[in-house]
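Notes follow once the structure below has been shown.
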Amino acid sequence: MKENINKLIDLLLKKCVNLQKNSFLYLTIPFEHKKIALKIKEKTEQEFNSEIFIEYTFPINEIVNKENYSFDKYKKKLNKIYSNKINSLKNNTSYLEIKNGLEYIDPNNSFKVKEVHAELSKLQTLFRKQKRLKTNVVSCKTVFPNKYWAKTLFNQEKYPLKKLWNIYFDITLVNKDNPLNLWSKKISDIQNRIKYLDKMQFQKIKFEDGFSNISFELIENHKWTGGCETTKSNIQYMPNFPTLEIFSAPKKNGVSGIIKNSKPLIYNNIEINDFYIKFKDGIVTDFFAKKNHKVLSEIISHDKNSHYVGEVAIVEGTNEISDKNIIFMNTLLDENAACHLALGCAYQCSLNKKINYDENSYEKHNMNFSQIHVDLMFGSKNINVTAFDKAGIEYKLLENGKWKV
């Protein structure tokens, strides 16, 4: 365990945020992982000669259960944290955000928790906006195993947390020799596919399996992204870890068909499952969820553009994550086990041209602009993905879940 934790820290600093010497790291991490945080601090200071600020987070359920809890006081605290975080953008800071995979929410606290989530969502959106405006920011998000998540997934196991950590080490390749080289090879493969897709500039891609059948017209001059991004200062980093997806942006009015979810959607710690969504000319026309339909409805109606699609992603049907045959109940992991789309905002990087992060700029390029971005997994292991060029010629991208390019 100790050796794997050290290899994981090495991977996070050297590959995920690609920390530079004499720089600044802003680490967000749950307090229960304080020992790991202090190891990250030690390595940041000693090996990279860099400064580090650690923001410890606590389970929301725990916060609202405190005797002296007041939403107004906590709101002020959150606003101060995010004000400092936004100010740190001036220092060319790198951001490493680690979250617990799943946290317990007491049903009796649902209103209080929802209130906090709404404030957090607002502040996170503001920070993302400022980060995108700066455009030269290194930022990586990942999740760590925690007790509640482990017991939820493996409640029959004697040592569920140990089992989850071992699985986490598997899917992050930390249990292998030289995971840095292995991830470099994975990213290189992803980048080669991206070069092909960018060169071809396909007009449309279609996803089909026994449950979903949906087409996405791609924006003009679109760009595919995956594995890593590179700043203007030529620093290559991984926005999410682990990551296996390749994604771009469809035309706002160019999505038609139906999806049936292949993984649950976990939204603000609420599970939405057994749902379908129909689209016509970009817009959601019909939907239903057997589990938490109301929450799905709230997502779709969040703002005037949240019922349009901002992202489409291709993920091979068989990979380190999908091979585990585990529904992780966490979007960051589950989205890398299946093809997916995102309701809400497109990413600026999906256009091969620099644009402002505002609605008018997005509309000019037929990209969707929204205050949310929510990934919905619909691909099966045997999904077929077909691309069409402007002449209507077909190209197989995935066949029975396997890359053909």
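To be explicit about the labels: the chains of the structure tokens are called A, B, and onward in the order shown, and within each one the residues are counted from 1, while ligands get numbers from 1 in the order they are shown.
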
List every residue of range 26-170 of chain A that DSSP, applied to the backbone of this structure, places in alpha helix (DSSP H), and write the result as a PyMOL selection string. chain A and resi 34-47+60-64+71-87+110-134+147-153+160-170

Please provide the set of residues having any atom within 10 Å of Tyr267 in chain A, restricted to only C-alpha atoms, with same-chain residues fewer than 4 positions apart removed, written as a list in words. Glu271, Ile272, Val295, Leu296, Ile299, Met329, Asn330, Thr331, Val374 and Asp375 of chain A

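Compared by their closest atoms to Leu332 in chain A, and using only C-alpha atoms, the residues A:Asn178, A:Asn240, A:Thr125, A:Ser212 rank with A:Asn240 nearest.
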
Top pick for closest residue to Ile205 in chain A, considering A:Ser256, A:Thr225, A:Asn79, A:Gln130 and counting only C-alpha atoms: A:Ser256

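Candidate residues A:Asn92, A:Asn109, A:Ser139, A:Asn292 were compared for distance to Pro264 in chain A, and the nearest is A:Asn292, using only C-alpha atoms.
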
Out of range 128-358 of chain A, which residues get strand (DSSP E) from DSSP, as a PyMOL selection string? chain A and resi 139-144+204-208+213-218+225-226+229-230+236-237+246-248+250-260+265-267+270-280+283-291+309-314+340-344

Store the residues picked out above, limited to C-alpha atoms, as a PDB file, in the first residue's frame.
ATOM      1  CA  SER A 139      -5.911  21.702 -13.462  1.00  0.00           C
ATOM      2  CA  CYS A 140      -6.552  18.033 -12.697  1.00  0.00           C
ATOM      3  CA  LYS A 141      -9.458  16.323 -10.939  1.00  0.00           C
ATOM      4  CA  THR A 142      -9.432  12.837  -9.488  1.00  0.00           C
ATOM      5  CA  VAL A 143     -11.149  10.756  -6.804  1.00  0.00           C
ATOM      6  CA  PHE A 144      -9.824   8.694  -3.905  1.00  0.00           C
ATOM      7  CA  LYS A 204     -21.599  13.374 -38.293  1.00  0.00           C
ATOM      8  CA  ILE A 205     -21.067  10.423 -35.950  1.00  0.00           C
ATOM      9  CA  LYS A 206     -23.630   7.790 -35.067  1.00  0.00           C
ATOM     10  CA  PHE A 207     -23.773   5.501 -32.001  1.00  0.00           C
ATOM     11  CA  GLU A 208     -25.727   2.237 -32.106  1.00  0.00           C
ATOM     12  CA  ASN A 213     -29.392   4.927 -31.407  1.00  0.00           C
ATOM     13  CA  ILE A 214     -28.255   8.533 -31.684  1.00  0.00           C
ATOM     14  CA  SER A 215     -26.515  10.822 -34.182  1.00  0.00           C
ATOM     15  CA  PHE A 216     -24.432  13.936 -33.577  1.00  0.00           C
ATOM     16  CA  GLU A 217     -23.660  16.512 -36.254  1.00  0.00           C
ATOM     17  CA  LEU A 218     -20.310  18.046 -35.358  1.00  0.00           C
ATOM     18  CA  THR A 225      -9.672  16.383 -27.091  1.00  0.00           C
ATOM     19  CA  GLY A 226      -8.606  13.568 -24.800  1.00  0.00           C
ATOM     20  CA  GLU A 229      -4.280  19.265 -22.765  1.00  0.00           C
ATOM     21  CA  THR A 230      -1.377  21.638 -23.319  1.00  0.00           C
ATOM     22  CA  GLN A 236       1.032  19.049 -20.897  1.00  0.00           C
ATOM     23  CA  TYR A 237      -1.386  17.931 -18.166  1.00  0.00           C
ATOM     24  CA  ILE A 246     -11.990  11.379 -26.643  1.00  0.00           C
ATOM     25  CA  PHE A 247     -14.565  14.157 -26.899  1.00  0.00           C
ATOM     26  CA  SER A 248     -15.751  17.059 -29.023  1.00  0.00           C
ATOM     27  CA  PRO A 250     -21.932  18.615 -31.514  1.00  0.00           C
ATOM     28  CA  LYS A 251     -23.913  21.350 -33.189  1.00  0.00           C
ATOM     29  CA  LYS A 252     -26.436  22.738 -30.751  1.00  0.00           C
ATOM     30  CA  ASN A 253     -29.288  21.722 -33.078  1.00  0.00           C
ATOM     31  CA  GLY A 254     -27.558  18.631 -34.489  1.00  0.00           C
ATOM     32  CA  VAL A 255     -28.440  15.820 -32.067  1.00  0.00           C
ATOM     33  CA  SER A 256     -31.236  13.350 -32.841  1.00  0.00           C
ATOM     34  CA  GLY A 257     -32.106   9.915 -31.500  1.00  0.00           C
ATOM     35  CA  ILE A 258     -32.459   8.111 -28.199  1.00  0.00           C
ATOM     36  CA  ILE A 259     -30.117   7.047 -25.411  1.00  0.00           C
ATOM     37  CA  LYS A 260     -30.679   4.506 -22.657  1.00  0.00           C
ATOM     38  CA  LEU A 265     -25.855   9.172 -13.079  1.00  0.00           C
ATOM     39  CA  ILE A 266     -24.685  10.407  -9.671  1.00  0.00           C
ATOM     40  CA  TYR A 267     -25.691  14.053  -9.345  1.00  0.00           C
ATOM     41  CA  ILE A 270     -28.176  11.362  -5.757  1.00  0.00           C
ATOM     42  CA  GLU A 271     -28.429   8.302  -7.998  1.00  0.00           C
ATOM     43  CA  ILE A 272     -30.485   8.654 -11.187  1.00  0.00           C
ATOM     44  CA  ASN A 273     -30.969   5.335 -12.959  1.00  0.00           C
ATOM     45  CA  ASP A 274     -32.969   3.364 -15.537  1.00  0.00           C
ATOM     46  CA  PHE A 275     -33.603   6.376 -17.739  1.00  0.00           C
ATOM     47  CA  TYR A 276     -33.939   7.216 -21.395  1.00  0.00           C
ATOM     48  CA  ILE A 277     -33.742  10.561 -23.178  1.00  0.00           C
ATOM     49  CA  LYS A 278     -34.953  11.367 -26.686  1.00  0.00           C
ATOM     50  CA  PHE A 279     -33.559  14.205 -28.800  1.00  0.00           C
ATOM     51  CA  LYS A 280     -34.711  15.884 -31.996  1.00  0.00           C
ATOM     52  CA  ILE A 283     -33.330  19.476 -27.955  1.00  0.00           C
ATOM     53  CA  VAL A 284     -34.621  16.979 -25.379  1.00  0.00           C
ATOM     54  CA  THR A 285     -38.131  16.014 -26.485  1.00  0.00           C
ATOM     55  CA  ASP A 286     -38.915  13.214 -24.035  1.00  0.00           C
ATOM     56  CA  PHE A 287     -37.314  11.550 -21.024  1.00  0.00           C
ATOM     57  CA  PHE A 288     -38.107   9.289 -18.110  1.00  0.00           C
ATOM     58  CA  ALA A 289     -36.161   7.885 -15.160  1.00  0.00           C
ATOM     59  CA  LYS A 290     -37.434   5.045 -12.983  1.00  0.00           C
ATOM     60  CA  LYS A 291     -35.181   6.249 -10.193  1.00  0.00           C
ATOM     61  CA  VAL A 309     -25.965  18.731 -25.629  1.00  0.00           C
ATOM     62  CA  GLY A 310     -22.514  20.256 -25.145  1.00  0.00           C
ATOM     63  CA  GLU A 311     -20.266  17.209 -25.475  1.00  0.00           C
ATOM     64  CA  VAL A 312     -20.087  13.849 -27.196  1.00  0.00           C
ATOM     65  CA  ALA A 313     -17.417  11.354 -26.129  1.00  0.00           C
ATOM     66  CA  ILE A 314     -16.076   8.121 -27.589  1.00  0.00           C
ATOM     67  CA  HIS A 340     -21.376   9.352 -23.256  1.00  0.00           C
ATOM     68  CA  LEU A 341     -22.822  12.782 -23.893  1.00  0.00           C
ATOM     69  CA  ALA A 342     -23.079  15.819 -21.655  1.00  0.00           C
ATOM     70  CA  LEU A 343     -26.144  17.936 -21.212  1.00  0.00           C
ATOM     71  CA  GLY A 344     -25.247  21.599 -20.961  1.00  0.00           C
TER      72      GLY A 344
END
